[in-house]
file start.txt (compact mmCIF, C-alpha atoms (C1' of nucleotides))
# COMPACT_ATOMS: atom_id res chain seq x y z
CA MET F 417 4.78 -6.56 17.08
CA THR F 418 6.52 -9.55 15.56
CA GLU F 419 7.47 -9.64 11.93
CA LYS F 420 4.93 -12.38 11.41
CA GLU F 421 2.17 -10.17 12.75
CA GLN F 422 3.30 -7.38 10.50
CA VAL F 423 3.02 -9.63 7.49
CA ARG F 424 -0.41 -10.67 8.64
CA PHE F 425 -1.65 -7.11 8.90
CA ALA F 426 -0.22 -6.31 5.50
CA GLU F 427 -2.06 -9.27 3.99
CA LYS F 428 -5.33 -8.26 5.55
CA ALA F 429 -4.82 -4.71 4.40
CA ASN F 430 -4.33 -6.01 0.87
CA VAL F 431 -7.70 -7.69 0.87
CA LEU F 432 -9.31 -4.50 2.12
CA LYS F 433 -7.44 -2.41 -0.38
CA ALA F 434 -8.86 -4.52 -3.14
CA LEU F 435 -12.36 -3.75 -1.88
CA ALA F 436 -11.70 -0.09 -1.23
CA HIS F 437 -12.76 1.27 -4.58
CA PRO F 438 -16.25 2.35 -5.66
CA THR F 439 -16.19 0.41 -8.90
CA ARG F 440 -14.85 -2.74 -7.33
CA LEU F 441 -17.36 -2.53 -4.53
CA TRP F 442 -20.10 -2.27 -7.10
CA MET F 443 -18.70 -5.30 -8.89
CA VAL F 444 -18.66 -7.36 -5.73
CA GLU F 445 -22.26 -6.45 -5.08
CA LEU F 446 -23.24 -7.42 -8.60
CA LEU F 447 -21.41 -10.70 -8.23
CA ALA F 448 -23.41 -11.39 -5.11
CA GLY F 449 -26.29 -12.01 -7.49
CA GLY F 450 -24.39 -14.70 -9.33
CA GLU F 451 -21.60 -15.00 -11.84
CA LYS F 452 -21.09 -12.33 -14.46
CA CYS F 453 -18.95 -12.09 -17.54
CA VAL F 454 -16.70 -9.09 -18.04
CA CYS F 455 -18.91 -7.66 -20.75
CA GLU F 456 -21.83 -7.42 -18.34
CA PHE F 457 -19.90 -5.02 -16.17
CA VAL F 458 -18.80 -3.00 -19.14
CA ASP F 459 -22.38 -2.75 -20.39
CA LYS F 460 -23.61 -1.44 -17.08
CA ILE F 461 -21.24 1.43 -16.51
CA ASP F 462 -19.39 3.89 -18.62
CA ALA F 463 -15.83 2.69 -18.34
CA ASP F 464 -13.18 1.30 -20.58
CA PHE F 465 -13.06 -2.43 -21.10
CA SER F 466 -9.47 -2.43 -19.95
CA THR F 467 -10.31 -0.54 -16.80
CA ILE F 468 -12.95 -3.10 -15.84
CA SER F 469 -10.59 -5.91 -16.60
CA LYS F 470 -7.93 -4.43 -14.37
CA HIS F 471 -10.34 -3.96 -11.51
CA LEU F 472 -11.38 -7.59 -11.79
CA SER F 473 -7.77 -8.60 -11.79
CA VAL F 474 -7.21 -6.71 -8.54
CA LEU F 475 -10.12 -8.56 -6.94
CA LYS F 476 -8.78 -11.84 -8.24
CA LYS F 477 -5.27 -11.28 -6.94
CA ALA F 478 -6.74 -10.52 -3.55
CA GLY F 479 -8.57 -13.86 -3.60
CA ILE F 480 -12.01 -12.28 -3.57
CA VAL F 481 -13.24 -13.52 -6.92
CA ALA F 482 -12.51 -16.45 -9.18
CA ASP F 483 -12.57 -16.47 -12.95
CA GLU F 484 -13.41 -19.13 -15.45
CA LYS F 485 -13.08 -18.93 -19.18
CA ARG F 486 -15.90 -20.44 -21.18
CA GLY F 487 -15.69 -19.93 -24.88
CA LYS F 488 -14.85 -16.38 -25.72
CA GLN F 489 -16.06 -15.06 -22.42
CA VAL F 490 -14.61 -14.99 -18.94
CA PHE F 491 -16.99 -15.41 -16.03
CA TYR F 492 -16.29 -14.12 -12.56
CA THR F 493 -17.74 -15.38 -9.32
CA LEU F 494 -17.55 -14.27 -5.71
CA LYS F 495 -15.32 -16.61 -3.74
CA VAL F 496 -16.11 -15.26 -0.27
CA PRO F 497 -19.80 -14.71 0.42
CA CYS F 498 -19.20 -13.49 3.96
CA LEU F 499 -18.02 -10.25 2.44
CA LEU F 500 -21.64 -9.33 2.01
CA ASN F 501 -22.44 -9.49 5.69
CA PHE F 502 -19.51 -7.36 6.35
CA MET F 503 -20.82 -4.77 3.93
CA HIS F 504 -23.70 -4.36 6.30
CA CYS F 505 -21.23 -3.28 8.89
CA VAL F 506 -19.81 -0.70 6.55
CA GLU F 507 -23.36 0.55 6.09
CA GLU F 508 -23.60 0.84 9.84
CA VAL F 509 -20.65 3.15 9.78
CA LEU F 510 -22.31 5.32 7.16
CA LYS F 511 -25.52 5.40 9.11
CA SER F 512 -23.72 6.43 12.24
CA ASN F 513 -21.86 9.06 10.27
CA SER F 514 -24.97 10.66 8.86
CA LYS F 515 -26.61 10.61 12.24
CA ALA F 516 -23.66 12.46 13.65
CA GLY F 517 -23.96 15.13 10.99
CA MET F 518 -20.45 14.07 10.16
CA LYS F 519 -18.36 17.14 10.50
CA LYS F 520 -15.45 16.19 8.41
CA MET W 438 -26.38 3.20 -11.87
CA THR W 439 -27.93 6.37 -10.52
CA GLU W 440 -25.83 9.19 -9.23
CA LYS W 441 -27.12 8.50 -5.76
CA GLU W 442 -25.86 4.94 -5.96
CA GLN W 443 -22.51 6.16 -7.16
CA VAL W 444 -22.21 8.42 -4.16
CA ARG W 445 -23.17 5.53 -1.93
CA PHE W 446 -20.45 3.30 -3.33
CA ALA W 447 -17.92 6.07 -2.99
CA GLU W 448 -18.87 6.52 0.64
CA LYS W 449 -18.55 2.84 1.38
CA ALA W 450 -15.24 2.73 -0.42
CA ASN W 451 -14.03 5.55 1.79
CA VAL W 452 -14.72 3.57 4.93
CA LEU W 453 -12.87 0.61 3.48
CA LYS W 454 -10.00 2.77 2.34
CA ALA W 455 -9.59 3.99 5.88
CA LEU W 456 -9.24 0.39 7.04
CA ALA W 457 -7.01 -0.69 4.19
CA HIS W 458 -3.67 0.01 5.76
CA PRO W 459 -1.58 -2.33 7.91
CA THR W 460 -0.96 0.23 10.64
CA ARG W 461 -4.56 1.36 10.79
CA LEU W 462 -5.78 -2.21 10.88
CA TRP W 463 -3.48 -2.85 13.78
CA MET W 464 -4.82 0.21 15.53
CA VAL W 465 -8.41 -0.91 15.11
CA GLU W 466 -7.52 -4.28 16.57
CA LEU W 467 -5.82 -2.66 19.53
CA LEU W 468 -8.83 -0.44 20.06
CA ALA W 469 -11.01 -3.51 20.18
CA GLY W 470 -9.46 -4.08 23.60
CA GLY W 471 -10.61 -0.70 24.85
CA GLU W 472 -9.69 2.95 24.49
CA LYS W 473 -6.12 3.96 23.94
CA CYS W 474 -4.32 7.26 23.97
CA VAL W 475 -2.14 8.25 21.05
CA CYS W 476 1.04 7.71 23.00
CA GLU W 477 0.17 4.05 23.53
CA PHE W 478 0.25 3.45 19.80
CA VAL W 479 3.48 5.34 19.44
CA ASP W 480 5.08 3.30 22.24
CA LYS W 481 4.14 0.03 20.61
CA ILE W 482 5.53 0.54 17.14
CA ASP W 483 8.42 2.33 15.59
CA ALA W 484 6.72 5.24 13.86
CA ASP W 485 6.67 8.96 14.11
CA PHE W 486 4.17 10.57 16.43
CA SER W 487 2.83 12.57 13.53
CA THR W 488 2.39 9.48 11.39
CA ILE W 489 0.32 7.80 14.08
CA SER W 490 -1.71 10.92 14.57
CA LYS W 491 -2.49 11.14 10.89
CA HIS W 492 -3.56 7.53 10.72
CA LEU W 493 -5.92 8.10 13.61
CA SER W 494 -7.29 11.14 11.88
CA VAL W 495 -8.04 9.05 8.80
CA LEU W 496 -9.97 6.57 10.93
CA LYS W 497 -11.80 9.39 12.60
CA LYS W 498 -12.82 11.07 9.38
CA ALA W 499 -14.18 7.77 8.18
CA GLY W 500 -16.33 7.53 11.30
CA ILE W 501 -14.57 4.42 12.58
CA VAL W 502 -13.16 5.84 15.78
CA ALA W 503 -14.03 8.68 18.15
CA ASP W 504 -11.62 10.81 20.11
CA GLU W 505 -11.86 12.52 23.44
CA LYS W 506 -9.37 14.84 24.99
CA ARG W 507 -8.74 14.41 28.70
CA GLY W 508 -6.01 16.54 30.12
CA LYS W 509 -2.98 16.46 27.95
CA GLN W 510 -3.92 13.21 26.32
CA VAL W 511 -6.34 12.27 23.58
CA PHE W 512 -8.10 8.94 23.87
CA TYR W 513 -9.47 7.04 20.93
CA THR W 514 -12.25 4.47 20.96
CA LEU W 515 -13.77 2.16 18.37
CA LYS W 516 -17.15 3.45 17.30
CA VAL W 517 -18.23 0.42 15.30
CA PRO W 518 -17.63 -2.92 16.99
CA CYS W 519 -19.08 -4.93 14.12
CA LEU W 520 -15.89 -4.22 12.23
CA LEU W 521 -14.28 -6.97 14.25
CA ASN W 522 -16.64 -9.64 13.00
CA PHE W 523 -15.96 -8.52 9.55
CA MET W 524 -12.25 -8.96 10.12
CA HIS W 525 -12.98 -12.62 10.53
CA CYS W 526 -14.26 -12.61 7.02
CA VAL W 527 -11.06 -11.04 5.80
CA GLU W 528 -9.24 -13.84 7.58
CA GLU W 529 -11.38 -16.27 5.67
CA VAL W 530 -10.11 -14.78 2.47
CA LEU W 531 -6.54 -15.20 3.59
CA LYS W 532 -7.18 -18.77 4.64
CA SER W 533 -8.72 -19.56 1.30
CA ASN W 534 -5.80 -17.89 -0.42
CA SER W 535 -3.16 -19.89 1.36
CA LYS W 536 -5.09 -23.07 0.75
CA ALA W 537 -5.11 -22.28 -2.95
CA GLY W 538 -1.36 -21.84 -2.95
CA MET W 539 -2.18 -18.38 -4.15
CA LYS W 540 -0.49 -18.08 -7.47
CA LYS W 541 -0.33 -14.38 -7.84
C1' DT D 321 -6.58 -19.64 -42.68
C1' DC D 322 -8.78 -15.22 -41.69
C1' DA D 323 -11.49 -12.07 -39.41
C1' DA D 324 -14.32 -10.82 -35.61
C1' DC D 325 -15.01 -10.98 -30.81
C1' DA D 326 -13.95 -10.99 -25.70
C1' DT D 327 -10.58 -10.04 -22.75
C1' DT D 328 -5.86 -8.94 -20.94
C1' DT D 329 -1.51 -6.48 -20.88
C1' DG D 330 1.83 -2.64 -21.48
C1' DG D 331 2.71 1.97 -21.29
C1' DC D 332 1.84 6.37 -19.89
C1' DT D 333 0.33 10.47 -17.18
C1' DA D 334 -2.51 12.33 -13.50
C1' DT D 335 -3.88 11.81 -8.91
C1' DT D 336 -3.70 10.02 -4.29
C1' DT D 337 -1.42 8.18 -0.36
C1' DT D 338 2.53 7.72 2.81
C1' DG D 339 5.63 9.10 6.26
C1' DC D 340 9.14 12.04 7.72
C1' DC D 341 10.50 16.71 9.55
C1' DA D 342 9.54 21.00 11.46
C1' DA D 343 6.41 24.07 13.32
C1' DG D 344 2.12 25.02 15.83
C1' DC D 345 -1.43 24.48 19.78
C1' DA D 346 -3.31 23.22 23.99
C1' DT D 347 -2.64 21.81 28.82
C1' DC D 348 -0.38 21.47 33.07
C1' DA D 349 3.34 22.01 36.62
C1' DA D 350 6.62 24.89 38.57
C1' DT G 1328 5.09 33.09 32.87
C1' DT G 1329 7.82 29.70 31.33
C1' DG G 1330 8.84 25.25 29.95
C1' DA G 1331 7.68 20.56 29.27
C1' DT G 1332 4.45 17.28 27.53
C1' DG G 1333 1.04 15.27 24.21
C1' DC G 1334 -0.78 15.81 20.05
C1' DT G 1335 -2.00 17.94 15.39
C1' DT G 1336 -0.94 20.33 11.15
C1' DG G 1337 1.65 21.90 7.02
C1' DG G 1338 4.84 20.88 3.70
C1' DC G 1339 7.15 18.00 0.90
C1' DA G 1340 9.31 14.04 -1.79
C1' DA G 1341 8.71 9.14 -2.73
C1' DA G 1342 5.71 5.49 -3.72
C1' DA G 1343 1.33 3.47 -5.06
C1' DT G 1344 -3.06 3.69 -7.68
C1' DA G 1345 -6.33 4.92 -11.49
C1' DG G 1346 -7.85 5.00 -16.08
C1' DC G 1347 -7.15 5.80 -20.84
C1' DC G 1348 -5.15 4.20 -25.35
C1' DA G 1349 -2.97 0.95 -28.17
C1' DA G 1350 -1.30 -3.47 -28.88
C1' DA G 1351 -1.29 -8.47 -27.83
C1' DT G 1352 -3.73 -12.89 -26.80
C1' DG G 1353 -6.93 -16.60 -27.15
C1' DT G 1354 -11.38 -18.43 -29.28
C1' DT G 1355 -14.73 -19.27 -32.64
C1' DG G 1356 -17.11 -19.17 -37.00
C1' DA G 1357 -16.75 -18.51 -42.02
call {"tool": "encode", "arguments": {"input": "start.txt", "output": "structure tokens"}}
result
Amino acid sequence: MTEKEQVRFAEKANVLKALAHPTRLWMVELLAGGEKCVCEFVDKIDADFSTISKHLSVLKKAGIVADEKRGKQVFYTLKVPCLLNFMHCVEEVLKSNSKAGMKK
Amino acid sequence: MTEKEQVRFAEKANVLKALAHPTRLWMVELLAGGEKCVCEFVDKIDADFSTISKHLSVLKKAGIVADEKRGKQVFYTLKVPCLLNFMHCVEEVLKSNSKAGMKK
DNA sequence: TCAACATTTGGCTATTTTGCCAAGCATCAA
DNA sequence: TTGATGCTTGGCAAAATAGCCAAATGTTGA
């Protein structure tokens, strides 16, 4: 494996790492329904404002969402809609797991 | 968010977490070309046998790969081919990132 | 200018993840 | 049986991640 390939895999892993958290996954799914401001996330779950903000920042650094400040609020949008199709594939995995009884 | 939904997001996040590692991503891509035994992975990169084995076990627990012992060797196969399409989407993210100059 | 609001950042501890080494388990050949 | 081979597991230290609190920042309305 060349060094270039290694870098490539690391970059892809970073994008996945950003998605690999229950809260962030939930955020991405919410964003699929259109832009949201930070406060909307905070309202919907029981988590610290700062925690939400940090999660959004992780998604942003990974290039998954974009932010835009308007007035006092910051609105986030999903930059990469194809992520939603791919979620279906993750669901496939879960389905196959439950079918298999999924001995851990 | 109901508790059931929370569990669901956690499960999906687990699948993603399993994929969110450079070495494991590389393994999945290799497996896309057909089954491989553990030794084939070890041959191809400079990592401990035990490290490789543990990575494979992570993928297996997540339901992404299946293993089958034949003789002295254990062969792994990709259980969920759709994961490869989804990789294309991850590539999209990278492409969009590099286009944007990607200020961190 | 001041105060309230919306959000981000810094700092910290607790938890999880990684990857190496050594030890353990099967399988097969001699 | 014994030893070699292929792989997994346990244990551990180092590194990365999570989430809370407190403090800092930027924006608007009074």
call {"tool": "interface_residues", "arguments": {"input": "start.txt", "of": "chain G", "to": "chain F", "cutoff": "10 Å", "atoms": "only C-alpha atoms (C1' of nucleotides)", "output": "ChimeraX atom specification"}}
result
/G:1345-1348,1353-1355
call {"tool": "write_last_selection", "arguments": {"input": "start.txt", "atoms": "C-alpha atoms (C1' of nucleotides)", "output": "PDB file, keeping the file's coordinate frame"}}
result
ATOM      1  C1'  DA G1345      -6.330   4.920 -11.490  1.00  0.00           C
ATOM      2  C1'  DG G1346      -7.850   5.000 -16.080  1.00  0.00           C
ATOM      3  C1'  DC G1347      -7.150   5.800 -20.840  1.00  0.00           C
ATOM      4  C1'  DC G1348      -5.150   4.200 -25.350  1.00  0.00           C
ATOM      5  C1'  DG G1353      -6.930 -16.600 -27.150  1.00  0.00           C
ATOM      6  C1'  DT G1354     -11.380 -18.430 -29.280  1.00  0.00           C
ATOM      7  C1'  DT G1355     -14.730 -19.270 -32.640  1.00  0.00           C
TER       8       DT G1355
END
call {"tool": "closest_residue", "arguments": {"input": "start.txt", "among": "F:Leu441, F:Leu475, F:Val490, F:Phe465", "to": "chain W", "atoms": "all atoms listed in the file"}}
result
F:Leu441
call {"tool": "calpha_fit_and_write", "arguments": {"input": "start.txt", "fixed": "chain W", "moving": "chain F", "output": "PDB file with C-alpha atoms, in the frame of the given file"}}
result
ATOM      1  CA  MET F 417     -26.381   3.184 -11.914  1.00  0.00           C
ATOM      2  CA  THR F 418     -27.941   6.338 -10.536  1.00  0.00           C
ATOM      3  CA  GLU F 419     -25.844   9.177  -9.260  1.00  0.00           C
ATOM      4  CA  LYS F 420     -27.131   8.469  -5.786  1.00  0.00           C
ATOM      5  CA  GLU F 421     -25.867   4.910  -5.969  1.00  0.00           C
ATOM      6  CA  GLN F 422     -22.528   6.149  -7.169  1.00  0.00           C
ATOM      7  CA  VAL F 423     -22.236   8.412  -4.169  1.00  0.00           C
ATOM      8  CA  ARG F 424     -23.170   5.519  -1.949  1.00  0.00           C
ATOM      9  CA  PHE F 425     -20.461   3.283  -3.341  1.00  0.00           C
ATOM     10  CA  ALA F 426     -17.926   6.058  -3.003  1.00  0.00           C
ATOM     11  CA  GLU F 427     -18.862   6.518   0.649  1.00  0.00           C
ATOM     12  CA  LYS F 428     -18.551   2.841   1.375  1.00  0.00           C
ATOM     13  CA  ALA F 429     -15.243   2.732  -0.421  1.00  0.00           C
ATOM     14  CA  ASN F 430     -14.037   5.563   1.798  1.00  0.00           C
ATOM     15  CA  VAL F 431     -14.723   3.588   4.930  1.00  0.00           C
ATOM     16  CA  LEU F 432     -12.863   0.623   3.489  1.00  0.00           C
ATOM     17  CA  LYS F 433     -10.013   2.788   2.345  1.00  0.00           C
ATOM     18  CA  ALA F 434      -9.584   4.008   5.868  1.00  0.00           C
ATOM     19  CA  LEU F 435      -9.221   0.410   7.032  1.00  0.00           C
ATOM     20  CA  ALA F 436      -7.009  -0.663   4.167  1.00  0.00           C
ATOM     21  CA  HIS F 437      -3.664   0.038   5.753  1.00  0.00           C
ATOM     22  CA  PRO F 438      -1.571  -2.300   7.914  1.00  0.00           C
ATOM     23  CA  THR F 439      -0.958   0.250  10.632  1.00  0.00           C
ATOM     24  CA  ARG F 440      -4.550   1.370  10.799  1.00  0.00           C
ATOM     25  CA  LEU F 441      -5.761  -2.196  10.873  1.00  0.00           C
ATOM     26  CA  TRP F 442      -3.455  -2.844  13.779  1.00  0.00           C
ATOM     27  CA  MET F 443      -4.814   0.224  15.534  1.00  0.00           C
ATOM     28  CA  VAL F 444      -8.388  -0.903  15.103  1.00  0.00           C
ATOM     29  CA  GLU F 445      -7.513  -4.268  16.558  1.00  0.00           C
ATOM     30  CA  LEU F 446      -5.817  -2.651  19.524  1.00  0.00           C
ATOM     31  CA  LEU F 447      -8.821  -0.428  20.058  1.00  0.00           C
ATOM     32  CA  ALA F 448     -10.997  -3.504  20.164  1.00  0.00           C
ATOM     33  CA  GLY F 449      -9.448  -4.081  23.571  1.00  0.00           C
ATOM     34  CA  GLY F 450     -10.605  -0.720  24.835  1.00  0.00           C
ATOM     35  CA  GLU F 451      -9.695   2.916  24.486  1.00  0.00           C
ATOM     36  CA  LYS F 452      -6.103   3.944  23.940  1.00  0.00           C
ATOM     37  CA  CYS F 453      -4.313   7.248  23.984  1.00  0.00           C
ATOM     38  CA  VAL F 454      -2.128   8.245  21.061  1.00  0.00           C
ATOM     39  CA  CYS F 455       1.054   7.693  23.021  1.00  0.00           C
ATOM     40  CA  GLU F 456       0.185   4.036  23.539  1.00  0.00           C
ATOM     41  CA  PHE F 457       0.264   3.445  19.819  1.00  0.00           C
ATOM     42  CA  VAL F 458       3.493   5.328  19.447  1.00  0.00           C
ATOM     43  CA  ASP F 459       5.088   3.291  22.230  1.00  0.00           C
ATOM     44  CA  LYS F 460       4.157   0.030  20.591  1.00  0.00           C
ATOM     45  CA  ILE F 461       5.539   0.540  17.125  1.00  0.00           C
ATOM     46  CA  ASP F 462       8.419   2.344  15.584  1.00  0.00           C
ATOM     47  CA  ALA F 463       6.737   5.236  13.852  1.00  0.00           C
ATOM     48  CA  ASP F 464       6.682   8.966  14.086  1.00  0.00           C
ATOM     49  CA  PHE F 465       4.202  10.570  16.425  1.00  0.00           C
ATOM     50  CA  SER F 466       2.856  12.591  13.542  1.00  0.00           C
ATOM     51  CA  THR F 467       2.395   9.527  11.398  1.00  0.00           C
ATOM     52  CA  ILE F 468       0.311   7.829  14.085  1.00  0.00           C
ATOM     53  CA  SER F 469      -1.706  10.949  14.578  1.00  0.00           C
ATOM     54  CA  LYS F 470      -2.478  11.168  10.891  1.00  0.00           C
ATOM     55  CA  HIS F 471      -3.550   7.558  10.721  1.00  0.00           C
ATOM     56  CA  LEU F 472      -5.912   8.123  13.626  1.00  0.00           C
ATOM     57  CA  SER F 473      -7.281  11.152  11.894  1.00  0.00           C
ATOM     58  CA  VAL F 474      -8.043   9.077   8.802  1.00  0.00           C
ATOM     59  CA  LEU F 475      -9.960   6.577  10.929  1.00  0.00           C
ATOM     60  CA  LYS F 476     -11.810   9.398  12.620  1.00  0.00           C
ATOM     61  CA  LYS F 477     -12.819  11.090   9.388  1.00  0.00           C
ATOM     62  CA  ALA F 478     -14.173   7.783   8.180  1.00  0.00           C
ATOM     63  CA  GLY F 479     -16.331   7.529  11.308  1.00  0.00           C
ATOM     64  CA  ILE F 480     -14.584   4.424  12.587  1.00  0.00           C
ATOM     65  CA  VAL F 481     -13.157   5.845  15.784  1.00  0.00           C
ATOM     66  CA  ALA F 482     -14.027   8.651  18.149  1.00  0.00           C
ATOM     67  CA  ASP F 483     -11.616  10.792  20.103  1.00  0.00           C
ATOM     68  CA  GLU F 484     -11.863  12.475  23.441  1.00  0.00           C
ATOM     69  CA  LYS F 485      -9.379  14.814  24.997  1.00  0.00           C
ATOM     70  CA  ARG F 486      -8.750  14.352  28.688  1.00  0.00           C
ATOM     71  CA  GLY F 487      -6.033  16.482  30.128  1.00  0.00           C
ATOM     72  CA  LYS F 488      -2.979  16.441  27.963  1.00  0.00           C
ATOM     73  CA  GLN F 489      -3.900  13.198  26.310  1.00  0.00           C
ATOM     74  CA  VAL F 490      -6.323  12.248  23.582  1.00  0.00           C
ATOM     75  CA  PHE F 491      -8.099   8.922  23.882  1.00  0.00           C
ATOM     76  CA  TYR F 492      -9.475   7.019  20.935  1.00  0.00           C
ATOM     77  CA  THR F 493     -12.249   4.471  20.957  1.00  0.00           C
ATOM     78  CA  LEU F 494     -13.763   2.164  18.371  1.00  0.00           C
ATOM     79  CA  LYS F 495     -17.156   3.455  17.297  1.00  0.00           C
ATOM     80  CA  VAL F 496     -18.234   0.418  15.272  1.00  0.00           C
ATOM     81  CA  PRO F 497     -17.639  -2.921  16.973  1.00  0.00           C
ATOM     82  CA  CYS F 498     -19.095  -4.916  14.095  1.00  0.00           C
ATOM     83  CA  LEU F 499     -15.896  -4.208  12.235  1.00  0.00           C
ATOM     84  CA  LEU F 500     -14.317  -6.967  14.243  1.00  0.00           C
ATOM     85  CA  ASN F 501     -16.659  -9.642  12.990  1.00  0.00           C
ATOM     86  CA  PHE F 502     -15.984  -8.524   9.547  1.00  0.00           C
ATOM     87  CA  MET F 503     -12.272  -8.948  10.114  1.00  0.00           C
ATOM     88  CA  HIS F 504     -12.995 -12.606  10.528  1.00  0.00           C
ATOM     89  CA  CYS F 505     -14.265 -12.607   7.011  1.00  0.00           C
ATOM     90  CA  VAL F 506     -11.075 -11.031   5.792  1.00  0.00           C
ATOM     91  CA  GLU F 507      -9.242 -13.828   7.580  1.00  0.00           C
ATOM     92  CA  GLU F 508     -11.387 -16.270   5.673  1.00  0.00           C
ATOM     93  CA  VAL F 509     -10.120 -14.780   2.477  1.00  0.00           C
ATOM     94  CA  LEU F 510      -6.534 -15.213   3.611  1.00  0.00           C
ATOM     95  CA  LYS F 511      -7.179 -18.768   4.640  1.00  0.00           C
ATOM     96  CA  SER F 512      -8.719 -19.566   1.309  1.00  0.00           C
ATOM     97  CA  ASN F 513      -5.803 -17.891  -0.408  1.00  0.00           C
ATOM     98  CA  SER F 514      -3.174 -19.924   1.375  1.00  0.00           C
ATOM     99  CA  LYS F 515      -5.099 -23.089   0.749  1.00  0.00           C
ATOM    100  CA  ALA F 516      -5.118 -22.299  -2.924  1.00  0.00           C
ATOM    101  CA  GLY F 517      -1.363 -21.854  -2.930  1.00  0.00           C
ATOM    102  CA  MET F 518      -2.221 -18.403  -4.150  1.00  0.00           C
ATOM    103  CA  LYS F 519      -0.494 -18.035  -7.435  1.00  0.00           C
ATOM    104  CA  LYS F 520      -0.360 -14.340  -7.698  1.00  0.00           C
TER     105      LYS F 520
END
call {"tool": "closest_residue", "arguments": {"input": "start.txt", "among": "F:Glu456, F:Glu508, F:Glu484, F:Glu419", "to": "chain W", "atoms": "all atoms listed in the file"}}
result
F:Glu508
call {"tool": "residues_around", "arguments": {"input": "start.txt", "residues": "DA1343 of chain G", "least_positions_apart": "6", "cutoff": "12 Å", "atoms": "all atoms listed in the file", "output": "compact mmCIF listing (two decimals) with C-alpha atoms (C1' of nucleotides), in the coordinates of the input"}}
result
# COMPACT_ATOMS: atom_id res chain seq x y z
CA LYS F 433 -7.44 -2.41 -0.38
C1' DT D 335 -3.88 11.81 -8.91
C1' DT D 336 -3.70 10.02 -4.29
C1' DT D 337 -1.42 8.18 -0.36
C1' DT D 338 2.53 7.72 2.81
call {"tool": "atom_distance", "arguments": {"input": "start.txt", "atom1": "atom CA of Leu435 of chain F", "atom2": "atom CA of Leu453 of chain W"}}
result
6.9 Å
call {"tool": "atom_distance", "arguments": {"input": "start.txt", "atom1": "atom C1' of DT328 of chain D", "atom2": "atom CA of Ala537 of chain W"}}
result
22.4 Å
call {"tool": "atom_distance", "arguments": {"input": "start.txt", "atom1": "atom CA of Ile501 of chain W", "atom2": "atom CA of His458 of chain W"}}
result
13.6 Å
call {"tool": "closest_residue", "arguments": {"input": "start.txt", "among": "F:Cys455, F:Leu472, F:Ala448, F:Met503", "to": "chain W", "atoms": "all atoms listed in the file"}}
result
F:Met503
call {"tool": "interface_residues", "arguments": {"input": "start.txt", "of": "chain W", "to": "chain F", "cutoff": "10 Å", "atoms": "only C-alpha atoms", "output": "compact mmCIF listing (two decimals) with C-alpha atoms, keeping the file's coordinate frame"}}
result
# COMPACT_ATOMS: atom_id res chain seq x y z
CA MET W 438 -26.38 3.20 -11.87
CA GLU W 442 -25.86 4.94 -5.96
CA GLN W 443 -22.51 6.16 -7.16
CA VAL W 444 -22.21 8.42 -4.16
CA ARG W 445 -23.17 5.53 -1.93
CA PHE W 446 -20.45 3.30 -3.33
CA ALA W 447 -17.92 6.07 -2.99
CA GLU W 448 -18.87 6.52 0.64
CA LYS W 449 -18.55 2.84 1.38
CA ALA W 450 -15.24 2.73 -0.42
CA ASN W 451 -14.03 5.55 1.79
CA VAL W 452 -14.72 3.57 4.93
CA LEU W 453 -12.87 0.61 3.48
CA LYS W 454 -10.00 2.77 2.34
CA ALA W 455 -9.59 3.99 5.88
CA LEU W 456 -9.24 0.39 7.04
CA ALA W 457 -7.01 -0.69 4.19
CA HIS W 458 -3.67 0.01 5.76
CA PRO W 459 -1.58 -2.33 7.91
CA THR W 460 -0.96 0.23 10.64
CA ARG W 461 -4.56 1.36 10.79
CA LEU W 462 -5.78 -2.21 10.88
CA TRP W 463 -3.48 -2.85 13.78
CA LYS W 481 4.14 0.03 20.61
CA ILE W 482 5.53 0.54 17.14
CA ASP W 483 8.42 2.33 15.59
CA LYS W 497 -11.80 9.39 12.60
CA LYS W 498 -12.82 11.07 9.38
CA ALA W 499 -14.18 7.77 8.18
CA GLY W 500 -16.33 7.53 11.30
CA ILE W 501 -14.57 4.42 12.58
CA VAL W 502 -13.16 5.84 15.78
CA LYS W 516 -17.15 3.45 17.30
CA VAL W 517 -18.23 0.42 15.30
CA PRO W 518 -17.63 -2.92 16.99
CA CYS W 519 -19.08 -4.93 14.12
CA LEU W 520 -15.89 -4.22 12.23
CA LEU W 521 -14.28 -6.97 14.25
CA ASN W 522 -16.64 -9.64 13.00
CA PHE W 523 -15.96 -8.52 9.55
CA MET W 524 -12.25 -8.96 10.12
CA HIS W 525 -12.98 -12.62 10.53
CA CYS W 526 -14.26 -12.61 7.02
CA VAL W 527 -11.06 -11.04 5.80
CA GLU W 528 -9.24 -13.84 7.58
CA GLU W 529 -11.38 -16.27 5.67
CA VAL W 530 -10.11 -14.78 2.47
CA LEU W 531 -6.54 -15.20 3.59
CA LYS W 532 -7.18 -18.77 4.64
CA SER W 533 -8.72 -19.56 1.30
CA ASN W 534 -5.80 -17.89 -0.42
CA SER W 535 -3.16 -19.89 1.36
CA ALA W 537 -5.11 -22.28 -2.95
CA MET W 539 -2.18 -18.38 -4.15
CA LYS W 540 -0.49 -18.08 -7.47
CA LYS W 541 -0.33 -14.38 -7.84
call {"tool": "interface_residues", "arguments": {"input": "start.txt", "of": "chain D", "to": "chain W", "cutoff": "9 Å", "atoms": "only C-alpha atoms (C1' of nucleotides)", "output": "ChimeraX atom specification"}}
result
/D:338-340,346-348
call {"tool": "axis_aligned_box", "arguments": {"input": "start.txt", "around": "segment 327-346 of chain D", "padding_each_side": "5 Å", "output": "AutoDock Vina command-line options"}}
result
--center_x 0.0 --center_y 7.5 --center_z 0.6 --size_x 31.1 --size_y 45.1 --size_z 56.7
